[in-house]
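Q: Next comes the structure file my_file-v5.txt, holding compact mmCIF, C-alpha atoms and all ligand atoms.
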```
# COMPACT_ATOMS: atom_id res chain seq x y z
CA MET A 424 16.45 54.78 -2.47
CA ILE A 425 14.01 51.88 -2.62
CA THR A 426 12.23 51.60 -5.93
CA ARG A 427 8.77 50.20 -6.30
CA ARG A 428 10.22 47.31 -8.32
CA SER A 429 12.65 46.20 -5.59
CA CYS A 430 9.87 46.52 -3.01
CA LEU A 431 7.66 44.19 -5.02
CA LYS A 432 10.53 41.79 -5.51
CA ALA A 433 11.27 41.70 -1.79
CA GLY A 434 7.60 41.13 -1.08
CA ALA A 435 7.36 38.31 -3.58
CA LEU A 436 10.47 36.66 -2.17
CA GLY A 437 9.06 36.97 1.32
CA VAL A 438 5.87 35.25 0.31
CA ALA A 439 7.78 32.57 -1.58
CA GLY A 440 10.02 32.02 1.42
CA LEU A 441 7.00 31.44 3.61
CA PHE A 442 5.26 29.05 1.29
CA VAL A 443 8.03 26.96 -0.23
CA PRO A 444 8.51 24.58 2.74
CA LEU A 445 4.75 24.04 3.05
CA THR A 446 4.40 23.35 -0.68
CA THR A 447 7.29 20.88 -0.57
CA PHE A 448 5.74 19.07 2.37
CA ARG A 449 2.37 18.93 0.66
CA SER A 450 3.71 17.61 -2.64
CA LEU A 451 5.61 14.83 -0.83
CA ALA A 452 2.61 13.84 1.25
CA ALA A 453 0.32 13.93 -1.75
CA GLN A 454 2.56 11.77 -3.89
CA VAL A 455 0.60 8.84 -5.29
CA VAL A 456 2.37 5.52 -5.76
CA GLU A 457 0.89 3.16 -8.33
CA VAL A 458 0.50 -0.62 -8.17
CA ARG A 459 -0.69 -2.43 -11.31
CA MET A 460 -3.15 -5.31 -11.06
CA TRP A 461 -2.02 -7.56 -13.80
CA GLY A 462 -3.03 -10.80 -15.52
CA SER A 463 -1.97 -12.71 -18.62
CA HIS A 464 -4.60 -13.17 -21.36
CA ASP A 465 -5.22 -16.81 -20.46
CA GLY A 466 -5.39 -15.92 -16.76
CA ALA A 467 -2.57 -18.35 -15.96
CA LYS A 468 -0.39 -15.61 -14.45
CA VAL A 469 -1.68 -12.82 -12.23
CA GLY A 470 -0.15 -10.42 -9.77
CA PHE A 471 0.39 -7.03 -8.19
CA ASP A 472 3.29 -5.09 -9.69
CA PRO A 473 5.21 -3.97 -7.72
CA ILE A 474 4.59 -6.77 -5.23
CA GLY A 475 6.64 -5.00 -2.55
CA LEU A 476 6.55 -1.28 -1.92
CA TYR A 477 7.90 1.21 0.61
CA VAL A 478 5.93 4.44 1.28
CA GLU A 479 6.19 7.30 3.74
CA PRO A 480 3.30 7.92 6.17
CA GLY A 481 0.68 10.07 4.42
CA GLN A 482 1.38 8.73 0.96
CA THR A 483 -1.42 7.27 -1.15
CA VAL A 484 -1.24 3.90 -2.86
CA ARG A 485 -3.29 3.65 -6.05
CA TRP A 486 -4.10 0.18 -7.39
CA ILE A 487 -4.87 0.32 -11.11
CA LEU A 488 -6.50 -2.48 -13.07
CA ASP A 489 -4.50 -3.50 -16.15
CA SER A 490 -6.21 -6.75 -17.11
CA ASN A 491 -8.29 -9.62 -15.75
CA VAL A 492 -10.55 -8.99 -12.69
CA HIS A 493 -8.99 -8.25 -9.32
CA THR A 494 -9.46 -6.77 -5.87
CA THR A 495 -7.06 -5.22 -3.39
CA THR A 496 -8.12 -6.42 0.03
CA ALA A 497 -6.33 -5.99 3.36
CA TYR A 498 -5.47 -8.98 5.52
CA HIS A 499 -7.99 -8.12 8.23
CA PRO A 500 -10.71 -10.11 10.07
CA LYS A 501 -13.30 -7.70 8.61
CA ASN A 502 -12.48 -9.15 5.20
CA GLY A 503 -13.89 -12.67 5.31
CA LYS A 504 -12.15 -13.52 8.61
CA HIS A 505 -8.71 -13.25 7.12
CA SER A 506 -5.94 -12.98 9.71
CA LEU A 507 -4.82 -9.51 10.79
CA ARG A 508 -1.66 -8.54 8.91
CA ILE A 509 -1.91 -4.73 8.92
CA PRO A 510 -1.17 -2.46 11.92
CA GLU A 511 -3.83 -2.68 14.68
CA ALA A 512 -4.50 1.07 14.46
CA ALA A 513 -4.83 1.10 10.66
CA THR A 514 -8.10 1.07 8.73
CA SER A 515 -8.94 -2.05 6.74
CA TRP A 516 -9.80 -1.80 3.05
CA ASP A 517 -11.47 -3.81 0.31
CA SER A 518 -11.77 -2.43 -3.21
CA ASP A 519 -14.36 -5.01 -4.28
CA TYR A 520 -14.02 -6.22 -7.89
CA LEU A 521 -12.32 -3.92 -10.38
CA VAL A 522 -13.41 -5.06 -13.85
CA ASN A 523 -12.68 -2.29 -16.36
CA PRO A 524 -9.05 -1.60 -17.32
CA GLY A 525 -7.98 1.74 -15.84
CA GLU A 526 -10.30 1.48 -12.84
CA HIS A 527 -8.46 2.26 -9.64
CA PHE A 528 -8.73 2.20 -5.87
CA ASP A 529 -6.81 4.48 -3.51
CA VAL A 530 -5.71 3.98 0.09
CA THR A 531 -3.79 6.62 2.06
CA LEU A 532 -1.54 5.03 4.65
CA THR A 533 -0.95 7.09 7.80
CA VAL A 534 -0.10 4.44 10.40
CA GLU A 535 3.47 3.14 10.23
CA GLY A 536 3.99 -0.58 9.84
CA VAL A 537 3.67 -3.52 7.47
CA TYR A 538 0.53 -3.98 5.35
CA ASP A 539 -0.22 -7.33 3.72
CA TYR A 540 -3.05 -7.55 1.22
CA TYR A 541 -4.48 -9.99 -1.31
CA CYS A 542 -6.72 -10.31 -4.36
CA THR A 543 -9.97 -12.10 -3.49
CA PRO A 544 -10.28 -14.33 -6.60
CA HIS A 545 -6.53 -15.05 -6.83
CA GLU A 546 -5.34 -15.29 -3.21
CA GLN A 547 -5.15 -19.09 -3.36
CA GLY A 548 -2.94 -18.73 -6.43
CA GLY A 549 -0.58 -16.44 -4.55
CA MET A 550 -1.72 -12.97 -5.69
CA VAL A 551 -0.69 -10.90 -2.68
CA GLY A 552 1.32 -7.77 -1.99
CA ARG A 553 3.15 -6.12 0.88
CA ILE A 554 3.65 -2.45 1.73
CA VAL A 555 5.96 -1.05 4.36
CA CYS A 556 4.87 2.39 5.59
CA GLY A 557 7.63 4.18 7.50
CA HIS A 558 9.07 2.06 10.29
CA PRO A 559 8.15 -1.65 9.90
CA GLY A 560 6.10 -3.16 12.73
CA GLY A 561 2.78 -4.78 13.63
CA PRO A 562 1.30 -8.20 12.86
CA GLY A 563 2.59 -8.10 9.26
CA THR A 564 6.08 -8.69 10.67
CA LEU A 565 4.97 -11.83 12.57
CA PRO A 566 5.01 -15.44 11.30
CA PHE A 567 1.85 -16.36 9.35
CA ASP A 568 0.64 -18.68 12.15
CA TYR A 569 1.15 -16.17 15.00
CA PHE A 570 -2.57 -16.18 15.95
CA THR A 571 -3.29 -19.91 16.02
CA LYS A 572 -3.11 -20.25 19.82
CA ASP A 573 -5.20 -17.13 20.47
CA PRO A 574 -8.81 -18.19 21.34
CA ALA A 575 -10.10 -14.78 20.19
CA ALA A 576 -8.72 -15.50 16.72
CA LYS A 577 -9.88 -19.09 16.37
CA GLU A 578 -12.09 -18.31 13.35
CA TRP A 579 -9.38 -16.50 11.41
CA LEU A 580 -8.30 -18.08 8.15
CA PRO A 581 -4.68 -19.11 7.60
CA VAL A 582 -2.76 -17.46 4.75
CA PRO A 583 -2.74 -19.95 1.83
CA VAL A 584 0.61 -21.66 1.21
CA LEU A 585 1.22 -20.11 -2.22
CA ALA A 586 0.37 -16.66 -0.87
CA ALA A 587 2.66 -17.06 2.14
CA HIS A 588 5.53 -17.93 -0.19
CA ALA A 589 4.87 -14.98 -2.51
CA PHE A 590 5.38 -12.12 -0.02
CA PRO A 591 8.68 -10.26 -0.37
CA LYS A 592 10.72 -9.96 2.81
CA VAL A 593 10.17 -6.82 4.91
CA GLU A 594 13.95 -6.16 5.01
CA ASP A 595 14.16 -6.32 1.20
CA ILE A 596 11.33 -3.79 0.83
CA VAL A 597 13.02 -1.41 3.29
CA THR A 598 16.34 -1.73 1.43
CA LYS A 599 15.12 -1.67 -2.19
CA LYS A 600 11.95 0.50 -1.71
CA ILE A 601 10.30 -1.23 -4.65
CA ILE A 602 10.17 -4.92 -5.60
CA ARG A 603 8.83 -5.69 -9.05
CA LEU A 604 6.75 -8.74 -9.76
CU CU A 701 -6.44 -11.00 -8.87
```
Will you turn the file into structure tokens for me?
Ligand SMILES: [Cu+2]
A:
Amino acid sequence: MITRRSCLKAGALGVAGLFVPLTTFRSLAAQVVEVRMWGSHDGAKVGFDPIGLYVEPGQTVRWILDSNVHTTTAYHPKNGKHSLRIPEAATSWDSDYLVNPGEHFDVTLTVEGVYDYYCTPHEQGGMVGRIVCGHPGGPGTLPFDYFTKDPAAKEWLPVPVLAAHAFPKVEDIVTKKIIRL
């Protein structure tokens, strides 16, 4: 004999069984990973923390202002003729200046590859970051001067020396998933 209670239970389990995998997928994809935009009081030290980050395609990176004034800006010709160091198929971004502590800027990465970005006022001082989304690839894996013999890229700016030295290695990001400043 099937009681009403066991019927309801079976129904509830059935529904749960249908929706659990979808919910799991959604919560993974919706996971937000935070990067702090940091600066010492005298402004002598600044940086993104973590400076190196691994994410899965579909994850969102949230840059949050801790102190000082910063931007998160993709290495892309659309951003002041900076050289392209994000995947060709990816969308460029520029947060513009974040000035109030707690302000944030979100980017959802869907195209696999390496994403290099900088802070507009502090790029020359080496304030840059690197994200690997899924399988590493694209111009972010190439040497910093890869474009110099390409006539179509003759107006692109070189990555400043301090910035070029600050990027964590792609292999280290893939291995460690997170590289703190
Ligand atoms: Cu900055």
Q: Counting only C-alpha atoms and all ligand atoms, which residues of chain A sit at most 7 Å from some atom of ligand CU 701 (chain A), and what is each one's closest atom pair with its distance in Å to one decimal, listed by chain and rising residue number, as a Markdown table?
A:
```
| residue | atom | partner | partner_atom | distance |
| --- | --- | --- | --- | --- |
| A:Met460 | CA | A:CU701 | CU | 6.9 |
| A:Val469 | CA | A:CU701 | CU | 6.1 |
| A:Gly470 | CA | A:CU701 | CU | 6.4 |
| A:Val492 | CA | A:CU701 | CU | 6.0 |
| A:His493 | CA | A:CU701 | CU | 3.8 |
| A:Thr494 | CA | A:CU701 | CU | 6.0 |
| A:Cys542 | CA | A:CU701 | CU | 4.6 |
| A:Thr543 | CA | A:CU701 | CU | 6.5 |
| A:Pro544 | CA | A:CU701 | CU | 5.6 |
| A:His545 | CA | A:CU701 | CU | 4.5 |
| A:Met550 | CA | A:CU701 | CU | 6.0 |
```
Q: As an exercise, work out the distance from atom CA of Glu511 of chain A to atom CA of Cys556 of chain A in Å and give it to one decimal place.
A: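 Between these atoms lies a distance of 13.6 Å.
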Q: Would you be able to write out as a VMD selection string which residues have an atom within 8 Å of (-1.2, -8.1, 8.7) in the file's coordinates, counting all atoms listed in the file?
A: chain A and resid 497 to 499 506 to 510 537 to 540 561 to 564
Q: Report as JSON lines the residues of segment 464-490 of chain A within 10 Å of segment 529-535 of chain A, each with its shortest atom pair and distance in Å (one decimal), using all atoms listed in the file, ordered by chain and increasing residue number.
A:
```
{"residue": "A:Val478", "atom": "CA", "partner": "A:Leu532", "partner_atom": "CA", "distance": 8.2}
{"residue": "A:Glu479", "atom": "CA", "partner": "A:Leu532", "partner_atom": "CA", "distance": 8.1}
{"residue": "A:Pro480", "atom": "CA", "partner": "A:Thr533", "partner_atom": "CA", "distance": 4.6}
{"residue": "A:Gly481", "atom": "CA", "partner": "A:Thr533", "partner_atom": "CA", "distance": 4.8}
{"residue": "A:Gln482", "atom": "CA", "partner": "A:Thr531", "partner_atom": "CA", "distance": 5.7}
{"residue": "A:Thr483", "atom": "CA", "partner": "A:Thr531", "partner_atom": "CA", "distance": 4.0}
{"residue": "A:Val484", "atom": "CA", "partner": "A:Val530", "partner_atom": "CA", "distance": 5.4}
{"residue": "A:Arg485", "atom": "CA", "partner": "A:Asp529", "partner_atom": "CA", "distance": 4.4}
{"residue": "A:Trp486", "atom": "CA", "partner": "A:Asp529", "partner_atom": "CA", "distance": 6.4}
{"residue": "A:Ile487", "atom": "CA", "partner": "A:Asp529", "partner_atom": "CA", "distance": 8.9}
```
Q: Quick check, in Å to one decimal: how far apart do atom CA of Pro574 of chain A and atom CA of Ser515 of chain A lie?
A: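 Going from atom CA of Pro574 of chain A over to atom CA of Ser515 of chain A, I get 21.8 Å.
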Q: What separation in Å, quoted to one decimal, exists between atom CA of Glu546 of chain A and atom CA of Asp489 of chain A?
A: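 Between atom CA of Glu546 of chain A and atom CA of Asp489 of chain A the gap is 17.5 Å.
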Q: Point out the residue among A:Asp517, A:Pro583, A:Ile554, A:Val456 with the least atom-to-atom distance to Phe567 of chain A, counting all atoms listed in the file.
A: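 Counting all atoms listed in the file, the residue closest to Phe567 of chain A is A:Pro583.
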Q: Kindly extract all protein, DNA and RNA residues lying within 10 Å of the coordinates (13.3, -6.3, 4.3) given in the file, considering all atoms listed in the file, and supply them as a PyMOL selection string.
A: chain A and resi 475+477+555+559+564+591-600
Q: For a quick check of understanding, using only C-alpha atoms, which of A:Gly525, A:Gly536, A:Gly549, A:Pro581 has the smallest distance to Lys468 of chain A?
A: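 With only C-alpha atoms as the atom set, the closest residue is A:Gly549.
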